[in-house]
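**Q** My structure is stored as protein.txt, with compact mmCIF, C-alpha atoms.
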# COMPACT_ATOMS: atom_id res chain seq x y z
CA MET D 1 -23.29 189.44 356.16
CA GLY D 2 -21.61 187.27 353.58
CA ASP D 3 -23.08 183.85 352.81
CA GLY D 4 -25.10 183.71 356.04
CA ALA D 5 -25.96 180.72 358.13
CA ALA D 6 -25.48 178.30 355.22
CA ARG D 7 -21.74 178.70 355.56
CA ALA D 8 -20.08 176.75 358.37
CA ARG D 9 -17.81 178.66 360.74
CA THR D 10 -14.99 176.14 360.44
CA ASP D 11 -12.38 178.81 359.68
CA ARG D 12 -13.44 181.13 362.48
CA PRO D 13 -10.39 180.42 364.66
CA GLU D 14 -8.06 181.19 361.74
CA TRP D 15 -9.87 184.47 360.96
CA TRP D 16 -9.96 185.41 364.64
CA ARG D 17 -6.24 184.71 365.07
CA THR D 18 -5.42 186.65 361.91
CA CYS D 19 -7.26 189.71 363.22
CA ARG D 20 -5.72 189.43 366.69
CA THR D 21 -2.19 189.09 365.32
CA PHE D 22 -2.69 191.96 362.88
CA ALA D 23 -4.13 194.16 365.62
CA ARG D 24 -1.24 193.58 367.99
CA GLU D 25 1.63 193.57 365.51
CA VAL D 26 0.54 196.17 362.95
CA MET D 27 -2.18 198.40 364.38
CA GLU D 28 -1.27 198.80 368.03
CA PRO D 29 2.25 200.18 367.49
CA GLN D 30 0.90 202.93 365.21
CA ALA D 31 -2.35 203.85 366.97
CA ARG D 32 -1.02 206.73 369.07
CA ALA D 33 1.01 208.36 366.28
CA LEU D 34 -1.89 208.22 363.82
CA ASP D 35 -4.23 209.67 366.43
CA GLU D 36 -1.88 212.56 367.20
CA ALA D 37 -1.27 213.29 363.51
CA ALA D 38 -4.95 212.77 362.57
CA GLU D 39 -3.74 210.85 359.52
CA PHE D 40 -5.48 208.15 357.51
CA PRO D 41 -3.65 204.83 358.12
CA PHE D 42 -2.49 204.21 354.54
CA ALA D 43 0.45 202.00 355.54
CA VAL D 44 -1.76 199.88 357.79
CA HIS D 45 -4.26 199.49 354.97
CA GLU D 46 -1.54 198.30 352.61
CA ARG D 47 -0.68 195.52 355.05
CA ALA D 48 -4.36 194.75 355.63
CA ALA D 49 -5.02 194.53 351.90
CA ALA D 50 -2.09 192.16 351.44
CA GLU D 51 -3.58 189.86 354.09
CA GLY D 52 -7.10 190.08 352.65
CA LEU D 53 -8.57 191.88 355.65
CA LEU D 54 -10.12 194.72 353.67
CA THR D 55 -12.09 192.49 351.31
CA ALA D 56 -12.85 189.64 353.72
CA PRO D 57 -16.23 191.04 354.95
CA PHE D 58 -17.63 191.09 351.39
CA PRO D 59 -19.55 188.18 349.81
CA ARG D 60 -17.56 185.71 347.74
CA GLU D 61 -19.37 186.61 344.54
CA VAL D 62 -17.89 190.12 344.58
CA GLY D 63 -14.39 189.09 345.61
CA GLY D 64 -14.61 188.76 349.39
CA ALA D 65 -14.28 185.89 351.83
CA GLY D 66 -18.01 185.70 352.56
CA LEU D 67 -17.76 186.10 356.32
CA THR D 68 -20.88 185.59 358.37
CA SER D 69 -22.00 188.45 360.59
CA GLU D 70 -20.77 186.54 363.62
CA GLU D 71 -17.34 186.03 362.11
CA PHE D 72 -17.20 189.66 361.02
CA THR D 73 -18.02 191.00 364.50
CA ASP D 74 -15.49 188.63 366.07
CA GLY D 75 -12.81 190.11 363.86
CA VAL D 76 -13.90 193.71 364.34
CA GLY D 77 -13.74 193.24 368.10
CA GLU D 78 -10.15 192.03 367.89
CA LEU D 79 -9.10 194.87 365.60
CA ALA D 80 -10.89 197.48 367.70
CA ALA D 81 -9.03 196.32 370.79
CA ALA D 82 -5.96 197.82 369.14
CA CYS D 83 -7.65 200.93 367.73
CA ALA D 84 -11.38 201.44 367.17
CA PRO D 85 -11.09 204.35 364.70
CA MET D 86 -8.46 202.56 362.61
CA THR D 87 -10.78 199.55 362.51
CA TRP D 88 -13.58 201.83 361.35
CA THR D 89 -11.48 202.97 358.37
CA MET D 90 -10.86 199.34 357.43
CA VAL D 91 -14.46 198.11 357.46
CA PHE D 92 -16.37 201.26 356.52
CA SER D 93 -16.57 200.39 352.83
CA ARG D 94 -18.48 197.21 353.65
CA GLY D 95 -21.12 199.19 355.52
CA ALA D 96 -21.29 201.95 352.93
CA LEU D 97 -21.87 199.49 350.08
CA HIS D 98 -24.54 197.53 351.91
CA PRO D 99 -27.43 199.01 349.87
CA VAL D 100 -25.68 197.98 346.63
CA LEU D 101 -25.04 194.46 347.92
CA ASP D 102 -28.51 194.21 349.41
CA ASP D 103 -30.60 195.54 346.54
CA GLY D 104 -28.30 196.37 343.64
CA THR D 105 -28.40 194.85 340.17
CA PRO D 106 -25.58 192.62 338.89
CA GLU D 107 -24.35 195.60 336.85
CA GLN D 108 -24.28 197.82 339.95
CA ARG D 109 -22.45 195.21 342.03
CA GLU D 110 -19.84 194.82 339.30
CA ARG D 111 -19.41 198.54 338.81
CA PHE D 112 -19.58 199.85 342.36
CA VAL D 113 -18.34 196.87 344.41
CA THR D 114 -16.32 194.31 342.47
CA GLY D 115 -14.50 196.92 340.42
CA LEU D 116 -13.85 199.02 343.50
CA LEU D 117 -12.41 196.10 345.45
CA ARG D 118 -10.29 195.06 342.49
CA ARG D 119 -8.72 198.54 342.45
CA GLY D 120 -8.32 198.65 346.22
CA GLY D 121 -10.67 201.62 346.41
CA TYR D 122 -12.96 202.92 349.15
CA ALA D 123 -16.64 203.79 349.46
CA ALA D 124 -18.20 206.34 351.80
CA LEU D 125 -21.71 206.57 353.19
CA ALA D 126 -23.28 210.02 352.84
CA LEU D 127 -26.25 210.13 355.21
CA THR D 128 -25.82 212.93 357.74
CA GLU D 129 -26.63 216.52 356.80
CA PRO D 130 -25.66 219.70 358.64
CA ASP D 131 -29.26 220.51 359.65
CA ASN D 132 -31.05 217.18 360.07
CA GLY D 133 -29.12 215.76 363.02
CA SER D 134 -30.21 212.23 363.87
CA ASN D 135 -33.32 212.46 361.70
CA LEU D 136 -31.91 210.94 358.52
CA LEU D 137 -35.38 210.78 357.00
CA ALA D 138 -35.42 214.59 356.82
CA ALA D 139 -32.74 214.62 354.12
CA ARG D 140 -32.72 217.80 352.05
CA THR D 141 -30.32 216.48 349.45
CA ARG D 142 -32.48 216.08 346.36
CA ALA D 143 -32.30 214.01 343.21
CA VAL D 144 -34.53 215.14 340.34
CA ARG D 145 -35.20 212.78 337.43
CA THR D 146 -34.09 214.06 334.05
CA ASP D 147 -34.32 212.72 330.52
CA SER D 148 -30.84 211.18 330.89
CA GLY D 149 -30.95 210.08 334.54
CA TRP D 150 -30.84 212.24 337.66
CA LEU D 151 -29.59 215.63 338.84
CA LEU D 152 -28.30 215.62 342.42
CA ASN D 153 -28.02 218.67 344.71
CA GLY D 154 -27.30 218.90 348.41
CA ALA D 155 -24.72 218.66 351.15
CA LYS D 156 -23.60 215.93 353.54
CA CYS D 157 -21.28 216.04 356.54
CA MET D 158 -19.38 213.58 358.75
CA THR D 159 -18.76 211.43 355.69
CA GLY D 160 -16.56 208.60 356.98
CA ASN D 161 -13.56 207.86 354.73
CA GLY D 162 -14.79 210.70 352.54
CA THR D 163 -11.34 212.06 351.69
CA VAL D 164 -10.23 208.73 350.20
CA ALA D 165 -13.54 207.47 348.79
CA GLU D 166 -14.00 206.75 345.09
CA VAL D 167 -17.76 206.36 345.38
CA PHE D 168 -20.34 207.89 347.70
CA VAL D 169 -23.55 206.07 348.61
CA VAL D 170 -25.95 208.99 349.04
CA LEU D 171 -29.41 209.16 350.61
CA ALA D 172 -31.55 211.74 348.81
CA ASP D 173 -35.14 212.87 348.45
CA THR D 174 -36.33 211.98 344.96
CA VAL D 175 -38.48 214.05 342.66
CA VAL D 176 -40.13 212.62 339.53
CA ASN D 177 -42.31 214.81 337.29
CA ALA D 178 -42.27 217.59 339.92
CA ARG D 179 -43.62 215.19 342.58
CA ARG D 180 -41.72 213.96 345.61
CA ARG D 181 -41.39 210.20 345.57
CA GLY D 182 -39.63 209.59 348.89
CA LEU D 183 -36.05 208.77 349.76
CA SER D 184 -33.73 206.80 347.51
CA PHE D 185 -30.09 205.71 347.53
CA PHE D 186 -27.66 206.66 344.79
CA ALA D 187 -24.12 205.48 344.07
CA VAL D 188 -22.18 208.60 343.08
CA PRO D 189 -18.64 208.31 341.65
CA ARG D 190 -16.30 210.88 343.17
CA ASP D 191 -15.07 212.08 339.77
CA THR D 192 -18.56 213.08 338.61
CA PRO D 193 -18.72 216.83 337.81
CA GLY D 194 -20.22 218.80 340.68
CA VAL D 195 -18.95 216.58 343.52
CA THR D 196 -16.77 218.53 345.96
CA VAL D 197 -15.05 216.93 348.95
CA GLY D 198 -14.11 219.38 351.69
CA GLU D 199 -11.33 219.24 354.24
CA ASN D 200 -11.32 216.66 357.00
CA LEU D 201 -13.12 217.76 360.14
CA ALA D 202 -10.86 218.15 363.19
CA LYS D 203 -12.27 216.00 365.99
CA THR D 204 -11.64 215.06 369.61
CA ALA D 205 -11.82 211.36 368.83
CA PHE D 206 -11.63 208.96 365.87
CA ARG D 207 -9.01 211.30 364.50
CA CYS D 208 -7.49 208.92 361.91
CA LEU D 209 -10.95 208.46 360.37
CA PRO D 210 -11.49 211.31 357.87
CA THR D 211 -14.99 212.81 358.05
CA PRO D 212 -15.17 215.69 355.54
CA PRO D 213 -18.23 217.52 354.25
CA VAL D 214 -19.26 216.62 350.71
CA THR D 215 -21.37 218.84 348.47
CA PHE D 216 -23.27 217.91 345.32
CA ARG D 217 -24.03 220.74 342.92
CA ASP D 218 -25.96 219.87 339.77
CA VAL D 219 -24.34 216.44 339.72
CA PRO D 220 -25.52 214.49 336.64
CA LEU D 221 -26.13 210.82 337.38
CA GLU D 222 -26.75 207.93 335.02
CA PRO D 223 -29.83 205.75 335.62
CA VAL D 224 -27.50 203.00 336.95
CA SER D 225 -26.74 205.17 339.97
CA LEU D 226 -30.21 204.62 341.48
CA ILE D 227 -30.07 201.68 343.91
CA GLY D 228 -33.30 199.74 344.02
CA GLU D 229 -36.57 201.42 343.10
CA VAL D 230 -37.49 205.07 343.54
CA GLY D 231 -38.66 205.60 347.13
CA ASP D 232 -37.00 202.45 348.50
CA GLY D 233 -34.57 204.53 350.57
CA GLU D 234 -36.33 204.33 353.93
CA HIS D 235 -36.65 200.55 353.72
CA LEU D 236 -33.01 200.13 352.63
CA LEU D 237 -31.88 202.57 355.32
CA GLY D 238 -33.45 200.45 358.05
CA ARG D 239 -31.59 197.34 356.92
CA LEU D 240 -28.39 199.32 356.45
CA LEU D 241 -28.47 200.80 359.94
CA ALA D 242 -29.21 197.43 361.52
CA THR D 243 -26.15 196.01 359.78
CA ILE D 244 -23.62 198.75 360.45
CA ARG D 245 -24.61 198.93 364.11
CA LEU D 246 -23.24 195.43 364.52
CA GLY D 247 -19.85 196.91 363.68
CA GLY D 248 -20.37 199.75 366.16
CA ALA D 249 -21.23 197.29 368.90
CA ALA D 250 -18.19 195.16 368.04
CA CYS D 251 -15.95 198.22 368.28
CA GLY D 252 -17.40 198.90 371.73
CA THR D 253 -16.72 195.39 372.99
CA GLY D 254 -13.22 195.46 371.53
CA LEU D 255 -12.44 198.75 373.23
CA VAL D 256 -13.63 197.47 376.62
CA THR D 257 -11.68 194.25 376.12
CA ALA D 258 -8.46 196.23 375.68
CA LEU D 259 -9.18 198.47 378.66
CA LEU D 260 -9.75 195.46 380.94
CA ARG D 261 -6.81 193.49 379.59
CA ASN D 262 -4.44 196.38 380.19
CA ALA D 263 -5.97 197.40 383.52
CA VAL D 264 -5.68 193.92 385.04
CA GLY D 265 -2.00 193.81 384.13
CA TRP D 266 -1.36 197.32 385.38
CA VAL D 267 -3.06 197.00 388.78
CA GLY D 268 -1.11 193.77 389.29
CA GLU D 269 2.15 195.69 388.99
CA ARG D 270 1.14 198.98 390.60
CA ARG D 271 1.88 199.34 394.32
CA VAL D 272 -0.18 201.76 396.38
CA TYR D 273 1.81 201.01 399.53
CA PRO D 274 5.31 199.52 399.78
CA ASP D 275 4.00 195.99 400.31
CA GLU D 276 0.50 196.17 398.81
CA ARG D 277 -0.36 195.76 395.14
CA MET D 278 -3.30 197.67 393.72
CA ASP D 279 -5.09 194.48 392.67
CA THR D 280 -5.43 193.49 396.34
CA LEU D 281 -7.76 196.42 397.02
CA SER D 282 -11.41 195.37 397.16
CA HIS D 283 -12.79 198.35 395.25
CA VAL D 284 -10.40 197.64 392.38
CA GLN D 285 -11.40 193.99 392.28
CA LEU D 286 -15.11 194.88 392.41
CA THR D 287 -14.80 197.45 389.63
CA LEU D 288 -12.92 195.23 387.21
CA GLY D 289 -15.00 192.16 388.06
CA ARG D 290 -18.24 194.03 387.40
CA LEU D 291 -16.95 195.44 384.11
CA HIS D 292 -16.02 191.93 382.98
CA VAL D 293 -19.57 190.75 383.72
CA GLU D 294 -20.95 193.66 381.72
CA LEU D 295 -18.55 192.96 378.86
CA SER D 296 -19.79 189.38 378.74
CA ALA D 297 -23.37 190.68 378.57
CA ALA D 298 -22.45 193.06 375.72
CA ARG D 299 -20.83 190.22 373.80
CA ALA D 300 -23.93 188.07 374.28
CA LEU D 301 -26.22 190.81 372.93
CA LEU D 302 -23.95 191.25 369.93
CA ARG D 303 -23.72 187.51 369.30
CA ASP D 304 -27.52 187.17 369.40
CA ALA D 305 -27.97 190.00 366.90
CA ALA D 306 -25.29 188.63 364.56
CA ARG D 307 -26.79 185.15 364.62
CA LEU D 308 -30.23 186.50 363.73
CA ALA D 309 -28.67 188.36 360.82
CA ASP D 310 -26.94 185.19 359.65
CA ARG D 311 -30.26 183.33 359.73
CA GLY D 312 -31.92 185.99 357.61
CA LEU D 313 -34.28 187.03 360.42
CA PRO D 314 -35.12 190.59 361.53
CA PHE D 315 -32.41 191.91 363.84
CA GLY D 316 -32.93 195.69 363.96
CA ARG D 317 -33.98 195.73 367.60
CA GLU D 318 -31.21 193.36 368.63
CA SER D 319 -28.49 195.31 366.81
CA ALA D 320 -29.76 198.55 368.39
CA MET D 321 -29.65 196.93 371.84
CA ALA D 322 -26.14 195.61 371.22
CA LYS D 323 -24.86 198.93 369.92
CA TYR D 324 -26.42 200.88 372.79
CA TYR D 325 -25.18 198.59 375.53
CA ALA D 326 -21.66 198.04 374.18
CA THR D 327 -20.94 201.69 373.50
CA ASP D 328 -22.50 202.88 376.75
CA LEU D 329 -20.35 200.31 378.54
CA ALA D 330 -17.27 201.57 376.70
CA VAL D 331 -17.87 205.07 378.08
CA ARG D 332 -18.46 203.84 381.63
CA ALA D 333 -15.53 201.43 381.57
CA SER D 334 -13.10 204.02 380.21
CA ASN D 335 -14.28 206.51 382.84
CA GLU D 336 -13.81 204.10 385.71
CA ILE D 337 -10.53 202.67 384.51
CA LEU D 338 -9.14 206.12 383.80
CA GLN D 339 -9.94 207.00 387.42
CA LEU D 340 -8.07 203.90 388.64
CA TYR D 341 -5.00 205.02 386.71
CA GLY D 342 -5.09 208.46 388.33
CA TRP D 343 -2.88 211.01 386.61
CA ARG D 344 -1.60 208.27 384.34
CA GLY D 345 -5.12 207.90 382.99
CA ILE D 346 -4.95 211.28 381.31
CA ALA D 347 -1.35 210.81 380.14
CA ALA D 348 -1.05 209.79 376.49
CA ASP D 349 1.63 207.18 377.20
CA TYR D 350 -0.82 204.78 378.87
CA GLY D 351 -3.45 204.75 376.12
CA VAL D 352 -6.44 205.08 378.45
CA GLU D 353 -7.31 208.66 377.51
CA LYS D 354 -7.42 207.80 373.80
CA ARG D 355 -9.83 204.95 374.40
CA TRP D 356 -11.83 207.26 376.68
CA ARG D 357 -12.18 209.75 373.80
CA ASP D 358 -12.95 207.08 371.23
CA ALA D 359 -15.57 205.47 373.48
CA ARG D 360 -17.45 208.75 373.69
CA ALA D 361 -17.55 209.03 369.90
CA LEU D 362 -18.96 205.50 369.60
CA THR D 363 -22.13 206.62 371.42
CA ILE D 364 -22.75 209.10 368.58
CA TYR D 365 -21.54 207.37 365.43
CA GLU D 366 -23.97 205.16 363.48
CA GLY D 367 -26.88 206.56 365.46
CA SER D 368 -26.65 208.05 368.93
CA SER D 369 -27.48 206.09 372.06
CA GLU D 370 -30.82 207.90 372.23
CA ILE D 371 -31.70 206.74 368.72
CA GLN D 372 -30.88 203.15 369.68
CA LEU D 373 -33.26 203.34 372.65
CA LEU D 374 -36.00 204.85 370.48
CA THR D 375 -35.54 201.97 368.05
CA VAL D 376 -35.82 199.45 370.87
CA PHE D 377 -38.93 201.16 372.23
CA ARG D 378 -40.69 201.13 368.85
CA GLU D 379 -40.03 197.41 368.46
CA LEU D 380 -41.14 196.80 372.05
CA ARG D 381 -44.38 198.66 371.44
CA ARG D 382 -45.08 196.69 368.27
CA ALA D 383 -44.49 193.42 370.11
CA VAL D 384 -46.84 194.35 372.93
CA VAL D 385 -49.56 195.52 370.52
CA ARG D 386 -49.29 192.24 368.61
CA GLY D 387 -49.60 190.33 371.87
CA GLU D 388 -46.10 188.86 371.63
CA GLY D 389 -45.11 189.90 375.13
CA VAL D 390 -41.94 191.58 376.30
Could you rewrite the structure in this file as structure tokens?
**A**
Amino acid sequence: MGDGAARARTDRPEWWRTCRTFAREVMEPQARALDEAAEFPFAVHERAAAEGLLTAPFPREVGGAGLTSEEFTDGVGELAAACAPMTWTMVFSRGALHPVLDDGTPEQRERFVTGLLRRGGYAALALTEPDNGSNLLAARTRAVRTDSGWLLNGAKCMTGNGTVAEVFVVLADTVVNARRRGLSFFAVPRDTPGVTVGENLAKTAFRCLPTPPVTFRDVPLEPVSLIGEVGDGEHLLGRLLATIRLGGAACGTGLVTALLRNAVGWVGERRVYPDERMDTLSHVQLTLGRLHVELSAARALLRDAARLADRGLPFGRESAMAKYYATDLAVRASNEILQLYGWRGIAADYGVEKRWRDARALTIYEGSSEIQLLTVFRELRRAVVRGEGV
């Protein structure tokens, strides 16, 4: 992400401190209220925009700070420690616009990225459909070539940031001269006739992240809307998913970081007997010590994947491993720490139950845990067949 390995990480501490300060001073105090109200964090975004946080993950040539993948995941982890879903709303545009940045023309980057950032707008990724589940390649949304461009029809759901998005990056089956030509990506401006954004879906978790259904009915698209070549969608999708799963893994590590940080402080104050603190109990020490080891392992997997991305090397397997392990750990850690808190674990005042809910959603968003393991297996099989070992 950004300028890659060629850019030195000399400003990493400054970026990391900026994210940590912003998370603690701006995000954390509002996390519970925004979750309960299921409201998009507009005020938080205004502060984030003023500090350059919303554009920082983008390359310099389109108006960003050109962060490397490693820098980006460092920052996401700090922000997610305050609130994973709020973090998602802040970085989702970067993931959604990845196909444009990765394979778009200069005109497309100017129109759909630079112009959008200049206006402070948002992009949404429209991949999931009501009937295709995790199989994104079975998209029924269809784009048919016309004399003037394309005609788009179909329906998407769980469209992150969809209620505020100005442009949708849509995966669709393409038809040219009555023949199917495979999947392709299209950048679709929200104000195009035929685009309808539904109401936000009520959810158990990630409630401040709007995820409405979006329908496309006879939507006329200019030729500039096609990203890359016709039929490039599957190839672009693979690179896109590898990239956005770095963010999912970072959110998982950030969530576990916050759970451990708060739990260590709480068990040090909590007394189970008049003269015995909770942190003197062996099972408490073993639980939190083990979770810290696992968090360190999750961070290492994420760091390895991010560094491969920064070097321009394949990292699909590594990002899938990182996303699987970090989000699975987030679920286990929130379960165990909630149990340590007892009735306080399910009380909203302590923040554990919110992270417990959000952790569960992380194992579904950006590809379920099962999809991550299937990805890892396919890469493992290829390596063994090629004689590269395990």
**Q** Go through D:Ala361, D:Phe42, D:Ser69, D:Tyr324 one by one, measure the shortest atom-to-atom distance of each to D:Arg311 using only C-alpha atoms, and give the residue with the smallest value.
**A**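 Of the candidates, the smallest distance to D:Arg311 is held by D:Ser69.
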**Q** Can you tell me which residues surround stretch 195-209 of chain D at a distance of at most 8 Å, considering only C-alpha atoms, apart from same-chain residues fewer than 2 positions away, and format the answer as number ranges by chain?
**A** D: 34-41, 84-86, 88-89, 158, 160-163, 190-193, 211-217, 219, 354, 357-358, 360-361
**Q** Please identify all polymer residues within 9 Å of stretch 233-245 of chain D, counting all atoms listed in the file, omitting same-chain residues fewer than 4 positions from it, and present them as number ranges by chain.
**A** D: 1, 69, 92, 94-96, 98-99, 102-103, 136-137, 171-173, 182-185, 227-229, 249-250, 306, 309, 314-320, 322-323, 366-367
**Q** Kindly export the residues of the current selection with C-alpha atoms, as a PDB file, in the coordinates of the input.
**A**
ATOM      1  CA  MET D   1     -23.290 189.440 356.160  1.00  0.00           C
ATOM      2  CA  SER D  69     -22.000 188.450 360.590  1.00  0.00           C
ATOM      3  CA  PHE D  92     -16.370 201.260 356.520  1.00  0.00           C
ATOM      4  CA  ARG D  94     -18.480 197.210 353.650  1.00  0.00           C
ATOM      5  CA  GLY D  95     -21.120 199.190 355.520  1.00  0.00           C
ATOM      6  CA  ALA D  96     -21.290 201.950 352.930  1.00  0.00           C
ATOM      7  CA  HIS D  98     -24.540 197.530 351.910  1.00  0.00           C
ATOM      8  CA  PRO D  99     -27.430 199.010 349.870  1.00  0.00           C
ATOM      9  CA  ASP D 102     -28.510 194.210 349.410  1.00  0.00           C
ATOM     10  CA  ASP D 103     -30.600 195.540 346.540  1.00  0.00           C
ATOM     11  CA  LEU D 136     -31.910 210.940 358.520  1.00  0.00           C
ATOM     12  CA  LEU D 137     -35.380 210.780 357.000  1.00  0.00           C
ATOM     13  CA  LEU D 171     -29.410 209.160 350.610  1.00  0.00           C
ATOM     14  CA  ALA D 172     -31.550 211.740 348.810  1.00  0.00           C
ATOM     15  CA  ASP D 173     -35.140 212.870 348.450  1.00  0.00           C
ATOM     16  CA  GLY D 182     -39.630 209.590 348.890  1.00  0.00           C
ATOM     17  CA  LEU D 183     -36.050 208.770 349.760  1.00  0.00           C
ATOM     18  CA  SER D 184     -33.730 206.800 347.510  1.00  0.00           C
ATOM     19  CA  PHE D 185     -30.090 205.710 347.530  1.00  0.00           C
ATOM     20  CA  ILE D 227     -30.070 201.680 343.910  1.00  0.00           C
ATOM     21  CA  GLY D 228     -33.300 199.740 344.020  1.00  0.00           C
ATOM     22  CA  GLU D 229     -36.570 201.420 343.100  1.00  0.00           C
ATOM     23  CA  ALA D 249     -21.230 197.290 368.900  1.00  0.00           C
ATOM     24  CA  ALA D 250     -18.190 195.160 368.040  1.00  0.00           C
ATOM     25  CA  ALA D 306     -25.290 188.630 364.560  1.00  0.00           C
ATOM     26  CA  ALA D 309     -28.670 188.360 360.820  1.00  0.00           C
ATOM     27  CA  PRO D 314     -35.120 190.590 361.530  1.00  0.00           C
ATOM     28  CA  PHE D 315     -32.410 191.910 363.840  1.00  0.00           C
ATOM     29  CA  GLY D 316     -32.930 195.690 363.960  1.00  0.00           C
ATOM     30  CA  ARG D 317     -33.980 195.730 367.600  1.00  0.00           C
ATOM     31  CA  GLU D 318     -31.210 193.360 368.630  1.00  0.00           C
ATOM     32  CA  SER D 319     -28.490 195.310 366.810  1.00  0.00           C
ATOM     33  CA  ALA D 320     -29.760 198.550 368.390  1.00  0.00           C
ATOM     34  CA  ALA D 322     -26.140 195.610 371.220  1.00  0.00           C
ATOM     35  CA  LYS D 323     -24.860 198.930 369.920  1.00  0.00           C
ATOM     36  CA  GLU D 366     -23.970 205.160 363.480  1.00  0.00           C
ATOM     37  CA  GLY D 367     -26.880 206.560 365.460  1.00  0.00           C
TER      38      GLY D 367
END
**Q** Quick one: pull the distance between atom CA of D:Glu28 and atom CA of D:Val164, Å, one decimal.
**A** 22.3 Å
**Q** Which one of D:Cys19, D:Leu281, D:Leu127, D:Val176 sits closest to D:Ala81 if you count all atoms listed in the file?
**A**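 Counting all atoms listed in the file, the residue closest to D:Ala81 is D:Cys19.
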**Q** In terms of the shortest atom-to-atom distance over only C-alpha atoms, which of D:Gly154, D:Asp218, D:Ala300, D:Leu79 is closest to D:Trp16?
**A**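 Result for the nearest residue to D:Trp16: D:Leu79.
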**Q** Do you have the atom CA of D:Glu51-atom CA of D:Thr73 distance handy?
**A**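 Interatomic distance, atom CA of D:Glu51 to atom CA of D:Thr73: 17.8 Å.
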**Q** Calculate how many Å separate atom CA of D:Leu151 from atom CA of D:Val188, rounding to one decimal.
**A**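 For atom CA of D:Leu151 relative to atom CA of D:Val188, the distance reads 11.1 Å.
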**Q** Go ahead and find all residues with at least one atom no further than 9 Å from (-32.8, 201.8, 373.7) in the file's coordinates, using all atoms listed in the file; report them as a PyMOL selection string.
**A** chain D and resi 317+320-321+324-325+369-377
**Q** Using all atoms listed in the file for the distances, tell me which of D:Arg355, D:Arg307, D:Arg24, D:His45 is nearest to D:Gly120.
**A** D:His45
**Q** Between D:Glu166, D:Asp304, D:Glu129, D:Glu107, which is the closest to D:Ser93 once you count all atoms listed in the file?
**A**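 For D:Ser93, the nearest of the candidates is D:Glu166.
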**Q** Can you work out which one of D:Leu291, D:Leu340, D:Ala359, D:Ala333 has the shortest atom-to-atom distance to D:Asp279, counting all atoms listed in the file?
**A**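 Closest candidate: D:Leu340.
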**Q** Using only C-alpha atoms, find each residue in stretch 37-111 of chain D having at least one atom no more than 8 Å away from stretch 251-269 of chain D; report its shortest atom-to-atom pair and that distance in Å (one decimal), rows by chain then rising number, as CSV.
**A**
residue,atom,partner,partner_atom,distance
D:Val76,CA,D:Cys251,CA,6.3
D:Gly77,CA,D:Gly254,CA,4.1
D:Glu78,CA,D:Gly254,CA,5.9
D:Leu79,CA,D:Gly254,CA,7.2
D:Ala80,CA,D:Gly254,CA,4.9
D:Ala81,CA,D:Gly254,CA,4.3
D:Ala82,CA,D:Ala258,CA,7.2
D:Cys83,CA,D:Leu255,CA,7.6
D:Ala84,CA,D:Cys251,CA,5.7
D:Thr87,CA,D:Cys251,CA,7.9
**Q** Tell me, as a list in words, which residues lie within 8 Å of D:Thr174, counting all atoms listed in the file; anything in the same chain fewer than 6 positions away does not count.
**A** Arg142, Ala143, Val144, Arg145, Arg180, Arg181, Gly182, Leu183, Ser184, Val230 and Gly231 of chain D
